[in-house]
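Text of run04.txt (compact mmCIF, C-alpha atoms and all ligand atoms) as supplied:
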```txt
# COMPACT_ATOMS: atom_id res chain seq x y z
CA MET A 1 -119.11 37.00 -85.65
CA ARG A 2 -115.40 37.81 -85.44
CA ARG A 3 -116.04 39.69 -82.19
CA TYR A 4 -117.92 36.67 -80.81
CA VAL A 5 -115.05 34.29 -81.70
CA ALA A 6 -112.55 36.64 -80.07
CA ALA A 7 -114.67 36.81 -76.90
CA VAL A 8 -114.88 33.01 -76.71
CA ALA A 9 -111.14 32.72 -77.31
CA ARG A 10 -110.48 35.21 -74.48
CA ARG A 11 -112.54 33.05 -72.11
CA VAL A 12 -111.11 29.71 -73.20
CA ARG A 13 -107.43 30.69 -73.27
CA PRO A 14 -106.99 31.02 -69.49
CA LEU A 15 -108.83 27.73 -69.00
CA LEU A 16 -106.45 26.02 -71.39
CA ARG A 17 -103.50 27.64 -69.66
CA ARG A 18 -104.75 26.47 -66.26
CA ARG A 19 -104.95 22.82 -67.33
CA PRO A 20 -102.39 20.95 -65.16
CA PRO A 21 -99.49 19.37 -66.97
CA ALA A 22 -100.27 15.73 -67.85
CA ALA A 23 -99.18 13.46 -64.98
CA PRO A 24 -96.45 11.04 -66.03
CA PRO A 25 -98.01 7.57 -66.44
CA LEU A 26 -97.36 5.47 -63.37
CA SER A 27 -95.48 2.28 -64.02
CA ALA A 28 -94.40 -0.68 -61.91
CA ALA A 29 -91.12 1.17 -61.33
CA THR A 30 -92.80 4.24 -59.84
CA ILE A 31 -96.25 3.35 -58.53
CA ASP A 32 -97.10 3.63 -54.85
CA LEU A 33 -100.35 1.74 -54.20
CA ARG A 34 -100.68 3.58 -50.86
CA ALA A 35 -101.00 7.00 -52.53
CA PRO A 36 -104.32 8.68 -51.60
CA GLU A 37 -105.27 9.21 -55.27
CA ILE A 38 -104.83 5.47 -55.89
CA VAL A 39 -106.42 3.87 -52.81
CA GLY A 40 -109.73 5.61 -53.66
CA ASP A 41 -109.92 3.80 -57.02
CA PRO A 42 -107.07 1.35 -57.58
CA PHE A 43 -108.75 -0.58 -60.43
CA PRO A 44 -107.57 1.50 -63.43
CA HIS A 45 -104.06 1.35 -61.96
CA TYR A 46 -104.18 -2.44 -61.67
CA GLU A 47 -105.35 -2.50 -65.28
CA ALA A 48 -102.47 -0.25 -66.40
CA LEU A 49 -99.98 -2.38 -64.46
CA ARG A 50 -101.40 -5.61 -65.93
CA ARG A 51 -100.67 -4.25 -69.40
CA GLU A 52 -96.97 -4.17 -68.35
CA GLY A 53 -97.10 -7.78 -67.23
CA SER A 54 -99.11 -10.25 -65.16
CA VAL A 55 -96.29 -10.58 -62.60
CA LEU A 56 -94.33 -7.44 -61.70
CA PHE A 57 -91.87 -6.25 -59.08
CA LEU A 58 -92.92 -3.01 -57.35
CA PRO A 59 -89.75 -1.36 -55.96
CA ARG A 60 -91.67 1.15 -53.81
CA HIS A 61 -93.31 -1.77 -51.99
CA ASP A 62 -90.48 -4.26 -52.24
CA TYR A 63 -92.92 -6.99 -53.28
CA TRP A 64 -93.99 -8.81 -56.41
CA ILE A 65 -97.57 -8.30 -57.47
CA VAL A 66 -99.54 -10.91 -59.42
CA LEU A 67 -102.25 -9.26 -61.54
CA GLY A 68 -103.27 -11.80 -64.18
CA HIS A 69 -106.04 -14.33 -63.60
CA GLU A 70 -104.05 -17.28 -64.96
CA ALA A 71 -100.90 -16.31 -63.02
CA ALA A 72 -102.92 -15.94 -59.78
CA ARG A 73 -104.57 -19.32 -60.34
CA ALA A 74 -101.16 -20.91 -60.86
CA ALA A 75 -99.75 -19.32 -57.68
CA PHE A 76 -102.79 -20.35 -55.59
CA SER A 77 -102.36 -23.93 -56.76
CA ARG A 78 -98.62 -24.18 -55.95
CA PRO A 79 -98.31 -23.91 -52.14
CA GLU A 80 -95.04 -25.88 -52.43
CA HIS A 81 -93.59 -22.73 -54.09
CA PHE A 82 -95.78 -19.96 -52.67
CA SER A 83 -95.98 -20.21 -48.89
CA ASN A 84 -98.67 -18.71 -46.63
CA ALA A 85 -96.07 -17.97 -43.95
CA PRO A 86 -96.71 -14.15 -44.00
CA TYR A 87 -99.92 -14.80 -42.05
CA ARG A 88 -98.06 -16.27 -39.07
CA ASP A 89 -99.11 -13.46 -36.69
CA ILE A 90 -102.79 -14.09 -37.43
CA ASP A 91 -102.71 -17.88 -37.14
CA ALA A 92 -99.78 -20.24 -37.56
CA VAL A 93 -101.87 -23.41 -37.34
CA LEU A 94 -104.06 -23.29 -40.47
CA LEU A 95 -103.85 -20.04 -42.44
CA ALA A 96 -100.05 -19.61 -42.28
CA ALA A 97 -99.28 -23.34 -42.38
CA ASP A 98 -98.37 -25.03 -45.66
CA PRO A 99 -99.33 -28.52 -46.79
CA PRO A 100 -98.88 -31.26 -45.63
CA GLU A 101 -99.23 -29.92 -42.03
CA GLN A 102 -102.05 -27.60 -43.09
CA THR A 103 -103.90 -30.41 -44.88
CA ALA A 104 -104.39 -32.46 -41.72
CA MET A 105 -105.51 -29.46 -39.67
CA ARG A 106 -107.87 -28.34 -42.41
CA ARG A 107 -109.52 -31.76 -42.43
CA THR A 108 -110.19 -31.46 -38.68
CA VAL A 109 -111.52 -27.90 -38.95
CA ALA A 110 -113.71 -28.68 -42.00
CA LYS A 111 -115.76 -31.06 -39.84
CA LEU A 112 -116.96 -28.02 -37.87
CA PHE A 113 -118.45 -26.56 -41.07
CA SER A 114 -121.01 -29.32 -41.66
CA PRO A 115 -124.15 -28.74 -43.77
CA ALA A 116 -126.18 -28.75 -40.53
CA VAL A 117 -124.03 -25.92 -39.12
CA THR A 118 -124.35 -23.94 -42.36
CA ALA A 119 -128.15 -24.38 -42.31
CA ARG A 120 -128.28 -23.19 -38.69
CA LEU A 121 -126.17 -20.12 -39.51
CA GLU A 122 -128.42 -19.27 -42.45
CA GLU A 123 -131.35 -19.18 -40.04
CA THR A 124 -129.34 -16.97 -37.69
CA ALA A 125 -128.49 -14.61 -40.56
CA SER A 126 -132.17 -14.37 -41.59
CA ARG A 127 -133.36 -13.76 -38.04
CA LEU A 128 -130.73 -11.10 -37.36
CA ALA A 129 -131.17 -9.30 -40.69
CA ASP A 130 -134.95 -9.21 -40.29
CA ALA A 131 -134.70 -7.86 -36.74
CA LEU A 132 -132.26 -5.10 -37.71
CA VAL A 133 -134.24 -3.51 -40.55
CA ARG A 134 -135.50 0.03 -39.75
CA PRO A 135 -137.02 2.70 -42.04
CA GLU A 136 -133.62 4.42 -41.95
CA LEU A 137 -130.37 2.72 -41.08
CA ASP A 138 -126.62 2.77 -41.56
CA VAL A 139 -126.01 -0.41 -43.53
CA VAL A 140 -122.45 -0.60 -42.17
CA SER A 141 -122.86 -0.09 -38.42
CA ASP A 142 -126.55 -1.00 -37.98
CA TYR A 143 -126.74 -3.92 -40.39
CA GLY A 144 -123.62 -5.42 -42.02
CA ILE A 145 -121.50 -5.41 -38.86
CA PRO A 146 -124.10 -6.87 -36.45
CA VAL A 147 -125.23 -9.51 -38.97
CA SER A 148 -121.64 -10.64 -39.67
CA ARG A 149 -120.68 -10.65 -36.00
CA GLY A 150 -123.85 -12.50 -35.02
CA VAL A 151 -123.30 -15.25 -37.58
CA THR A 152 -119.63 -15.67 -36.66
CA ALA A 153 -120.51 -15.71 -32.95
CA ASP A 154 -123.03 -18.46 -33.62
CA LEU A 155 -120.42 -20.46 -35.55
CA LEU A 156 -118.01 -20.09 -32.62
CA GLY A 157 -120.67 -20.78 -30.00
CA LEU A 158 -120.13 -17.47 -28.21
CA ASP A 159 -122.88 -15.85 -26.15
CA ALA A 160 -123.88 -12.17 -26.35
CA ALA A 161 -121.67 -11.23 -23.37
CA GLY A 162 -118.69 -12.83 -25.11
CA VAL A 163 -119.35 -10.85 -28.28
CA GLU A 164 -119.67 -7.62 -26.30
CA GLU A 165 -116.31 -8.28 -24.66
CA ILE A 166 -114.69 -8.90 -28.02
CA VAL A 167 -116.13 -5.70 -29.45
CA ALA A 168 -114.95 -3.73 -26.38
CA ALA A 169 -111.48 -5.29 -26.68
CA GLU A 170 -111.31 -4.32 -30.36
CA ILE A 171 -112.19 -0.71 -29.56
CA ARG A 172 -109.63 -0.63 -26.72
CA SER A 173 -106.90 -2.04 -28.91
CA MET A 174 -107.37 0.74 -31.48
CA GLY A 175 -105.65 3.13 -29.07
CA THR A 176 -102.57 0.93 -28.65
CA ALA A 177 -99.27 0.96 -30.53
CA ASP A 178 -100.03 -2.33 -32.33
CA PRO A 179 -103.84 -2.69 -32.53
CA LEU A 180 -103.87 -6.08 -34.26
CA ALA A 181 -101.38 -7.68 -31.85
CA ASP A 182 -103.28 -6.23 -28.88
CA PHE A 183 -106.64 -7.46 -30.20
CA ILE A 184 -105.20 -10.92 -30.86
CA THR A 185 -104.04 -11.12 -27.23
CA SER A 186 -107.59 -10.30 -26.07
CA LEU A 187 -109.15 -12.82 -28.47
CA ASP A 188 -106.77 -15.52 -27.22
CA ALA A 189 -107.74 -14.82 -23.62
CA MET A 190 -111.43 -15.29 -24.48
CA ALA A 191 -111.18 -18.23 -26.89
CA HIS A 192 -111.92 -20.91 -24.26
CA ARG A 193 -115.42 -19.43 -23.85
CA SER A 194 -116.35 -20.54 -27.34
CA SER A 195 -117.92 -23.97 -27.88
CA MET A 196 -115.80 -24.33 -31.03
CA PHE A 197 -112.77 -24.29 -28.70
CA ASP A 198 -114.23 -27.29 -26.81
CA ALA A 199 -114.99 -29.09 -30.07
CA LEU A 200 -111.39 -28.59 -31.21
CA ILE A 201 -110.00 -29.87 -27.90
CA ASP A 202 -112.29 -32.93 -28.24
CA ALA A 203 -110.80 -33.45 -31.70
CA GLN A 204 -107.32 -33.66 -30.07
CA VAL A 205 -106.21 -30.19 -31.22
CA PRO A 206 -103.63 -28.79 -28.73
CA GLU A 207 -104.94 -25.92 -26.57
CA GLU A 208 -102.73 -23.20 -28.08
CA SER A 209 -103.73 -24.27 -31.58
CA ALA A 210 -107.42 -24.27 -30.64
CA ARG A 211 -107.08 -20.69 -29.36
CA SER A 212 -105.37 -19.67 -32.57
CA LEU A 213 -108.14 -21.23 -34.69
CA VAL A 214 -110.95 -19.56 -32.75
CA ARG A 215 -109.33 -16.14 -33.14
CA LEU A 216 -108.72 -16.85 -36.84
CA MET A 217 -112.43 -17.53 -37.36
CA TRP A 218 -113.38 -14.23 -35.76
CA LEU A 219 -110.80 -12.26 -37.76
CA ALA A 220 -111.54 -14.06 -41.05
CA GLY A 221 -115.34 -14.13 -40.81
CA THR A 222 -116.50 -10.73 -39.59
CA THR A 223 -114.91 -7.83 -41.51
CA THR A 224 -114.85 -9.73 -44.81
CA THR A 225 -118.58 -10.50 -44.77
CA GLN A 226 -119.49 -7.02 -43.53
CA ARG A 227 -117.60 -5.33 -46.34
CA VAL A 228 -119.32 -7.40 -49.02
CA ILE A 229 -122.77 -6.69 -47.52
CA SER A 230 -122.11 -2.93 -47.47
CA ARG A 231 -120.71 -2.92 -50.99
CA ALA A 232 -123.62 -4.99 -52.35
CA ILE A 233 -126.14 -2.51 -50.94
CA LEU A 234 -124.15 0.43 -52.28
CA ARG A 235 -124.12 -1.15 -55.77
CA MET A 236 -127.92 -1.57 -55.63
CA ILE A 237 -128.27 2.11 -54.77
CA GLU A 238 -125.81 3.20 -57.44
CA ASP A 239 -127.60 1.27 -60.17
CA GLU A 240 -131.34 1.74 -60.09
CA ARG A 241 -131.84 -0.73 -62.97
CA ASP A 242 -130.04 -3.55 -61.13
CA GLN A 243 -132.10 -2.81 -58.02
CA GLN A 244 -135.32 -3.06 -60.02
CA ALA A 245 -134.18 -6.27 -61.71
CA LEU A 246 -133.43 -7.85 -58.31
CA ARG A 247 -136.83 -6.79 -56.97
CA ALA A 248 -138.57 -8.25 -60.02
CA ASP A 249 -136.67 -11.54 -59.80
CA PRO A 250 -135.15 -12.40 -56.40
CA ALA A 251 -133.36 -15.38 -58.01
CA LEU A 252 -130.96 -12.78 -59.44
CA VAL A 253 -129.64 -11.94 -55.96
CA ARG A 254 -127.23 -14.88 -56.17
CA PRO A 255 -125.50 -13.84 -59.46
CA PHE A 256 -125.58 -10.24 -58.24
CA VAL A 257 -123.70 -11.12 -55.03
CA GLU A 258 -121.23 -13.19 -57.05
CA GLU A 259 -120.50 -10.16 -59.22
CA VAL A 260 -120.08 -7.94 -56.15
CA LEU A 261 -117.61 -10.47 -54.74
CA ARG A 262 -115.73 -10.50 -58.05
CA LEU A 263 -115.61 -6.73 -58.47
CA HIS A 264 -115.11 -5.82 -54.80
CA PRO A 265 -113.34 -8.55 -52.85
CA PRO A 266 -112.99 -7.36 -49.23
CA GLU A 267 -109.20 -7.70 -49.46
CA HIS A 268 -107.51 -6.63 -52.69
CA MET A 269 -104.50 -8.86 -52.12
CA VAL A 270 -103.40 -11.97 -50.27
CA PRO A 271 -99.74 -12.40 -49.27
CA ARG A 272 -97.33 -15.20 -50.12
CA VAL A 273 -93.57 -15.71 -49.87
CA ALA A 274 -91.41 -17.60 -52.41
CA ARG A 275 -90.04 -20.79 -50.85
CA ALA A 276 -87.26 -21.04 -53.48
CA ASP A 277 -86.35 -19.34 -56.75
CA VAL A 278 -89.63 -19.85 -58.63
CA GLU A 279 -90.94 -19.14 -62.09
CA LEU A 280 -94.45 -17.69 -62.49
CA ASP A 281 -95.88 -16.86 -65.91
CA GLY A 282 -92.37 -16.62 -67.35
CA VAL A 283 -91.05 -14.36 -64.56
CA MET A 284 -88.34 -15.50 -62.12
CA ILE A 285 -89.07 -14.62 -58.50
CA PRO A 286 -86.14 -15.05 -56.08
CA ALA A 287 -86.32 -17.22 -52.95
CA GLY A 288 -87.61 -15.34 -49.91
CA ALA A 289 -89.32 -12.62 -51.99
CA GLU A 290 -92.64 -11.26 -50.78
CA ILE A 291 -95.56 -11.65 -53.17
CA ARG A 292 -99.11 -10.27 -53.28
CA LEU A 293 -101.72 -12.16 -55.25
CA CYS A 294 -103.91 -9.23 -56.27
CA VAL A 295 -107.33 -10.83 -56.46
CA SER A 296 -108.97 -7.47 -57.23
CA ALA A 297 -106.89 -7.26 -60.42
CA ALA A 298 -107.21 -10.94 -61.37
CA ASN A 299 -110.99 -10.71 -60.91
CA ARG A 300 -111.12 -7.99 -63.58
CA ASP A 301 -108.71 -9.58 -66.03
CA PRO A 302 -110.26 -9.16 -69.51
CA ALA A 303 -108.59 -12.41 -70.59
CA GLN A 304 -110.99 -14.19 -68.22
CA PHE A 305 -114.03 -11.91 -68.03
CA ASP A 306 -115.76 -10.02 -70.89
CA GLN A 307 -116.52 -6.40 -69.97
CA ALA A 308 -114.56 -7.16 -66.82
CA ASP A 309 -115.35 -3.86 -65.04
CA ARG A 310 -119.11 -4.22 -65.50
CA LEU A 311 -121.52 -5.87 -63.10
CA ARG A 312 -123.42 -8.30 -65.31
CA LEU A 313 -126.25 -10.34 -63.84
CA ASP A 314 -126.05 -12.73 -66.81
CA ARG A 315 -122.30 -13.35 -66.59
CA GLY A 316 -122.47 -17.00 -65.61
CA ASN A 317 -118.70 -17.09 -64.95
CA SER A 318 -117.93 -17.05 -61.26
CA ARG A 319 -114.28 -18.15 -61.50
CA HIS A 320 -113.22 -15.24 -59.33
CA PHE A 321 -110.79 -15.37 -56.41
CA ALA A 322 -112.70 -13.41 -53.75
CA PHE A 323 -112.54 -16.56 -51.61
CA GLY A 324 -109.02 -17.47 -52.75
CA SER A 325 -108.39 -20.85 -54.36
CA GLY A 326 -106.43 -24.04 -53.77
CA ALA A 327 -105.23 -25.39 -50.43
CA HIS A 328 -106.29 -22.30 -48.45
CA ALA A 329 -109.54 -21.51 -50.27
CA CYS A 330 -111.91 -19.92 -47.78
CA ILE A 331 -113.34 -22.57 -45.50
CA GLY A 332 -116.22 -20.25 -44.58
CA ALA A 333 -117.11 -19.39 -48.19
CA GLN A 334 -120.52 -21.02 -48.05
CA ILE A 335 -121.37 -19.21 -44.83
CA GLY A 336 -120.03 -15.86 -46.05
CA ARG A 337 -121.86 -16.16 -49.36
CA ALA A 338 -125.13 -17.20 -47.72
CA THR A 339 -124.92 -14.38 -45.18
CA VAL A 340 -124.45 -11.74 -47.88
CA ASN A 341 -127.26 -13.23 -50.00
CA ILE A 342 -129.62 -13.22 -47.02
CA ALA A 343 -128.68 -9.66 -45.97
CA VAL A 344 -129.30 -8.36 -49.51
CA ALA A 345 -132.53 -10.33 -50.05
CA THR A 346 -133.93 -9.26 -46.67
CA LEU A 347 -133.30 -5.58 -47.29
CA LEU A 348 -134.89 -5.82 -50.74
CA ARG A 349 -137.94 -7.63 -49.39
CA ARG A 350 -138.41 -5.09 -46.59
CA SER A 351 -138.01 -1.97 -48.77
CA SER A 352 -139.75 -0.43 -51.73
CA ALA A 353 -136.89 1.73 -53.05
CA LEU A 354 -133.49 1.76 -51.39
CA ARG A 355 -131.83 5.17 -51.52
CA SER A 356 -128.85 6.84 -49.92
CA ILE A 357 -129.74 9.61 -47.47
CA ARG A 358 -126.57 11.54 -48.37
CA PRO A 359 -125.25 12.28 -51.86
CA LEU A 360 -123.18 9.32 -52.98
CA ASP A 361 -120.09 11.46 -53.55
CA GLU A 362 -120.08 12.33 -49.82
CA ILE A 363 -119.63 8.71 -48.74
CA ARG A 364 -116.42 8.20 -46.78
CA TYR A 365 -114.42 5.06 -47.44
CA PHE A 366 -112.01 2.95 -45.47
CA ALA A 367 -109.39 3.10 -48.21
CA THR A 368 -105.97 1.48 -47.88
CA GLU A 369 -103.49 -0.38 -50.05
CA THR A 370 -105.51 -3.56 -49.45
CA ALA A 371 -109.15 -2.51 -48.94
CA LEU A 372 -111.80 -0.09 -50.16
CA SER A 373 -115.06 -0.17 -48.26
CA PRO A 374 -117.70 2.40 -47.21
CA GLU A 375 -117.25 3.48 -43.58
CA SER A 376 -120.86 4.51 -43.30
CA LEU A 377 -123.85 4.34 -45.64
CA GLN A 378 -127.13 5.79 -44.38
CA VAL A 379 -130.06 4.49 -46.38
CA GLY A 380 -133.81 4.98 -46.44
CA LEU A 381 -136.12 2.15 -47.41
C1 LIG B 1 -117.64 -12.89 -47.91
C2 LIG B 1 -116.94 -13.31 -46.90
C3 LIG B 1 -115.54 -13.90 -46.98
C4 LIG B 1 -114.54 -13.69 -47.88
C5 LIG B 1 -114.59 -12.80 -49.12
C6 LIG B 1 -113.41 -14.51 -47.47
C7 LIG B 1 -112.19 -14.56 -48.14
C8 LIG B 1 -111.16 -15.46 -47.84
C9 LIG B 1 -109.96 -15.62 -48.62
C10 LIG B 1 -109.56 -14.78 -49.84
C11 LIG B 1 -109.22 -16.60 -48.04
C12 LIG B 1 -107.90 -17.18 -48.56
C13 LIG B 1 -106.70 -16.45 -48.03
C14 LIG B 1 -105.42 -16.90 -48.73
O1 LIG B 1 -105.41 -17.81 -49.55
O2 LIG B 1 -104.40 -16.29 -48.43
C15 LIG B 1 -109.96 -17.06 -46.89
C16 LIG B 1 -109.53 -18.04 -46.03
C17 LIG B 1 -110.19 -18.39 -44.87
N1 LIG B 1 -111.43 -17.95 -44.48
FE1 LIG B 1 -112.65 -16.65 -45.47
N2 LIG B 1 -113.74 -15.16 -46.33
C18 LIG B 1 -115.04 -14.85 -46.01
C19 LIG B 1 -115.77 -15.32 -44.96
C20 LIG B 1 -115.32 -16.24 -44.04
C21 LIG B 1 -116.08 -16.75 -42.93
C22 LIG B 1 -117.53 -16.38 -42.61
C23 LIG B 1 -115.26 -17.59 -42.23
C24 LIG B 1 -115.54 -18.36 -40.99
C25 LIG B 1 -115.90 -17.84 -39.88
C26 LIG B 1 -113.98 -17.61 -42.92
C27 LIG B 1 -112.89 -18.35 -42.53
C28 LIG B 1 -111.73 -18.52 -43.27
C29 LIG B 1 -110.63 -19.38 -42.86
C30 LIG B 1 -110.55 -20.18 -41.58
C31 LIG B 1 -109.66 -19.30 -43.87
C32 LIG B 1 -108.32 -20.01 -43.91
C33 LIG B 1 -108.41 -21.35 -44.61
C34 LIG B 1 -107.10 -22.06 -44.72
O3 LIG B 1 -106.05 -21.44 -44.51
O4 LIG B 1 -107.10 -23.27 -45.01
N3 LIG B 1 -114.06 -16.79 -44.01
N4 LIG B 1 -111.14 -16.35 -46.80
```

Translate this structure into structure tokens?
Amino acid sequence: MRRYVAAVARRVRPLLRRRPPAAPPLSAATIDLRAPEIVGDPFPHYEALRREGSVLFLPRHDYWIVLGHEAARAAFSRPEHFSNAPYRDIDAVLLAADPPEQTAMRRTVAKLFSPAVTARLEETASRLADALVRPELDVVSDYGIPVSRGVTADLLGLDAAGVEEIVAAEIRSMGTADPLADFITSLDAMAHRSSMFDALIDAQVPEESARSLVRLMWLAGTTTTQRVISRAILRMIEDERDQQALRADPALVRPFVEEVLRLHPPEHMVPRVARADVELDGVMIPAGAEIRLCVSAANRDPAQFDQADRLRLDRGNSRHFAFGSGAHACIGAQIGRATVNIAVATLLRRSSALRSIRPLDEIRYFATETALSPESLQVGL
């Protein structure tokens, strides 16, 4: 027996010696949310940060991060203190504008999102999703991307040639020094080919503003929806029991998608800038400071959601911020939500058991400070 214990001890000792020294806990003072080991799974880090405070300054980023659900809700509802100006390069007319100017423009744009338009886009989403299903497919490139682009193109009134040109322009711009600025220039040059552009001109919107709004719709509607579709399908593959529950009762697709939106918003954070010295949840933020409302953290705040990290089909609390909140709450939320629901329901209906063709731990992600989304996900039906 003694010899056995000694042999085990001989084997275990080097293992113990090899254990790396415990990493110092990352705090608001030290954390870098761009670090590769964080972008792959930022959620435990948000949780650790939230324990320090719901509103924190991150010196390595030179911005304030808002992690608590209540603090995020307060910031979303106070555009007079928290301005959307950081979005000015994307669109200065609606998204980066603050009330009262934004309010008037939003009223005009909202008329283009009538129930009749939403119903038409739902049909488009169903038709596209159904036509794209194959026995094996990449749910990112062969499904989520074409469905999201097709629905947004229909909203904008763009024909197939127009969409092809946009896609080609996006690929071209990737090789330039400033891909987003280059792509925006291309989108602006094409905007007048969209029937939404004509509708905006008819509604007395100046031409430059109409161009800006058309490009905003493309940028806001495509990648967001695609990422949620891909993530929803991945979650169904990761959790066999959820997949079976959804097959048994398709009415559960809606709460499932809501949970996917809560747990995996396509953008972790939305930017704001302090218009004056402002107080948020007891913390003073100086005028001009940059702020990130971290919806991915707020959506998992245990003060708002029980078992916040778990996907629960019976949650019944959808007060998440995947679509933002307040004056700038997503104007395409109904369309985005419906598109994801249809894409998920269609794939379930057309398959008997969804599975990943590659081991799940080989999936590559687009992982940055603000997003975490599969780049490719090959599935069999
Ligand atoms: C699942 C899909 C989508 C998600 C998760 C999403 C998310 C968001 C979020 C978080 C905001 C607020 C940004 C902020 O407050 O800083 C927003 C705004 C906006 N979204 Fe969406 N979006 C989605 C789909 C769409 C679609 C399909 C469209 C239309 C084509 C769209 C158009 C817009 C526009 C125009 C705004 C700006 C509204 C304003 O500033 O008043 N979105 N979206």

Please define a box with edges along x, y and z of the file around all atoms of segment 346-358 of chain A given in the file, extend it by 4 Å on each side, and return its centre and edge lengths in Å to one decimal, as JSON.
```
{"center_x": -133.2, "center_y": 1.1, "center_z": -49.8, "size_x": 21.2, "size_y": 28.8, "size_z": 14.5}
```

Exercise for review: List all protein, DNA and RNA residues that have any atom at most 8 Å from ligand LIG 1 (chain B), counting all atoms listed in the file, and write the list as a ChimeraX atom specification.
Suggested key: /A:76,84,87,94-97,102-103,106,148,151-152,155-156,213,216-228,261,265-267,270-272,321-337,339-340

Output file for the selection above: C-alpha atoms, as a short mmCIF file (atom, residue, chain, number, x, y, z; two decimals), keeping the file's coordinate frame:
```
data_model
loop_
_atom_site.label_atom_id
_atom_site.label_comp_id
_atom_site.auth_asym_id
_atom_site.auth_seq_id
_atom_site.Cartn_x
_atom_site.Cartn_y
_atom_site.Cartn_z
CA PHE A 76 -102.79 -20.35 -55.59
CA ASN A 84 -98.67 -18.71 -46.63
CA TYR A 87 -99.92 -14.80 -42.05
CA LEU A 94 -104.06 -23.29 -40.47
CA LEU A 95 -103.85 -20.04 -42.44
CA ALA A 96 -100.05 -19.61 -42.28
CA ALA A 97 -99.28 -23.34 -42.38
CA GLN A 102 -102.05 -27.60 -43.09
CA THR A 103 -103.90 -30.41 -44.88
CA ARG A 106 -107.87 -28.34 -42.41
CA SER A 148 -121.64 -10.64 -39.67
CA VAL A 151 -123.30 -15.25 -37.58
CA THR A 152 -119.63 -15.67 -36.66
CA LEU A 155 -120.42 -20.46 -35.55
CA LEU A 156 -118.01 -20.09 -32.62
CA LEU A 213 -108.14 -21.23 -34.69
CA LEU A 216 -108.72 -16.85 -36.84
CA MET A 217 -112.43 -17.53 -37.36
CA TRP A 218 -113.38 -14.23 -35.76
CA LEU A 219 -110.80 -12.26 -37.76
CA ALA A 220 -111.54 -14.06 -41.05
CA GLY A 221 -115.34 -14.13 -40.81
CA THR A 222 -116.50 -10.73 -39.59
CA THR A 223 -114.91 -7.83 -41.51
CA THR A 224 -114.85 -9.73 -44.81
CA THR A 225 -118.58 -10.50 -44.77
CA GLN A 226 -119.49 -7.02 -43.53
CA ARG A 227 -117.60 -5.33 -46.34
CA VAL A 228 -119.32 -7.40 -49.02
CA LEU A 261 -117.61 -10.47 -54.74
CA PRO A 265 -113.34 -8.55 -52.85
CA PRO A 266 -112.99 -7.36 -49.23
CA GLU A 267 -109.20 -7.70 -49.46
CA VAL A 270 -103.40 -11.97 -50.27
CA PRO A 271 -99.74 -12.40 -49.27
CA ARG A 272 -97.33 -15.20 -50.12
CA PHE A 321 -110.79 -15.37 -56.41
CA ALA A 322 -112.70 -13.41 -53.75
CA PHE A 323 -112.54 -16.56 -51.61
CA GLY A 324 -109.02 -17.47 -52.75
CA SER A 325 -108.39 -20.85 -54.36
CA GLY A 326 -106.43 -24.04 -53.77
CA ALA A 327 -105.23 -25.39 -50.43
CA HIS A 328 -106.29 -22.30 -48.45
CA ALA A 329 -109.54 -21.51 -50.27
CA CYS A 330 -111.91 -19.92 -47.78
CA ILE A 331 -113.34 -22.57 -45.50
CA GLY A 332 -116.22 -20.25 -44.58
CA ALA A 333 -117.11 -19.39 -48.19
CA GLN A 334 -120.52 -21.02 -48.05
CA ILE A 335 -121.37 -19.21 -44.83
CA GLY A 336 -120.03 -15.86 -46.05
CA ARG A 337 -121.86 -16.16 -49.36
CA THR A 339 -124.92 -14.38 -45.18
CA VAL A 340 -124.45 -11.74 -47.88
#
```

Revision key, fill the gap. Counting only C-alpha atoms, the residue among A:Ile31, A:Met174, A:Leu187, A:Ile38 that lies closest to Phe57 of chain A is A:Ile31

Check your understanding: Nearest to Asp301 of chain A: which of A:Ser173, A:Arg262, A:Ala85, A:Val109 is it, counting all atoms listed in the file?
Key ->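 The answer is A:Arg262, which sits nearest to Asp301 of chain A.
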
Exercise for review: Using only C-alpha atoms, find the one residue out of A:Ala35, A:Ala371, A:Ala203, A:Ile233 that sits nearest to Ala104 of chain A.
Suggested key: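 Counting only C-alpha atoms, the residue closest to Ala104 of chain A is A:Ala203.
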
Review point. Neighbours of Pro146 of chain A within 12 Å (only C-alpha atoms; same-chain residues fewer than 4 positions away dropped), as number ranges by chain?
Key: A: 124-125, 127-133, 138-142, 150-154, 160, 163-164, 167, 222-223, 225-227, 229-230, 339, 343

Check your understanding: Expressed in Å to a single decimal, how great is the separation between atom CA of Glu369 of chain A and atom CA of His320 of chain A?
Key ->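 Separation between atom CA of Glu369 of chain A and atom CA of His320 of chain A: 20.0 Å.
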
Review point. Rounded to one decimal in Å, what is the spacing between atom CA of Ala189 of chain A and atom CA of Ile201 of chain A?
Key: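 That distance, rounded to one decimal, is 15.8 Å.
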
Exercise for review: For atom CA of Leu49 of chain A and atom CA of Arg231 of chain A, quote the distance in Å rounded to one decimal.
Suggested key: 24.7 Å

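Nearest to Glu70 of chain A of all the residues A:Arg300, A:Arg355, A:Arg310, A:Arg107 is A:Arg300, based on only C-alpha atoms.
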
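With all atoms listed in the file as the atoms that count, the residue of A:Glu101, A:Asp314, A:Glu290, A:Asp178 with the shortest distance to Ala276 of chain A is A:Glu290.
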
Practice item. Mind listing whatever residues come within 6 Å of the point (-107.7, -13.2, -59.6)? Use all atoms listed in the file, file coordinates, and give them as number ranges by chain. Key: A: 69, 72, 295, 298-299, 320-321

**Study point:** Residue nearest Val147 of chain A among A:Leu313, A:Ala338, A:Met190, A:Leu280 (counting all atoms listed in the file)
**Key:**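 Looking at the shortest contact to Val147 of chain A, the residue is A:Ala338.
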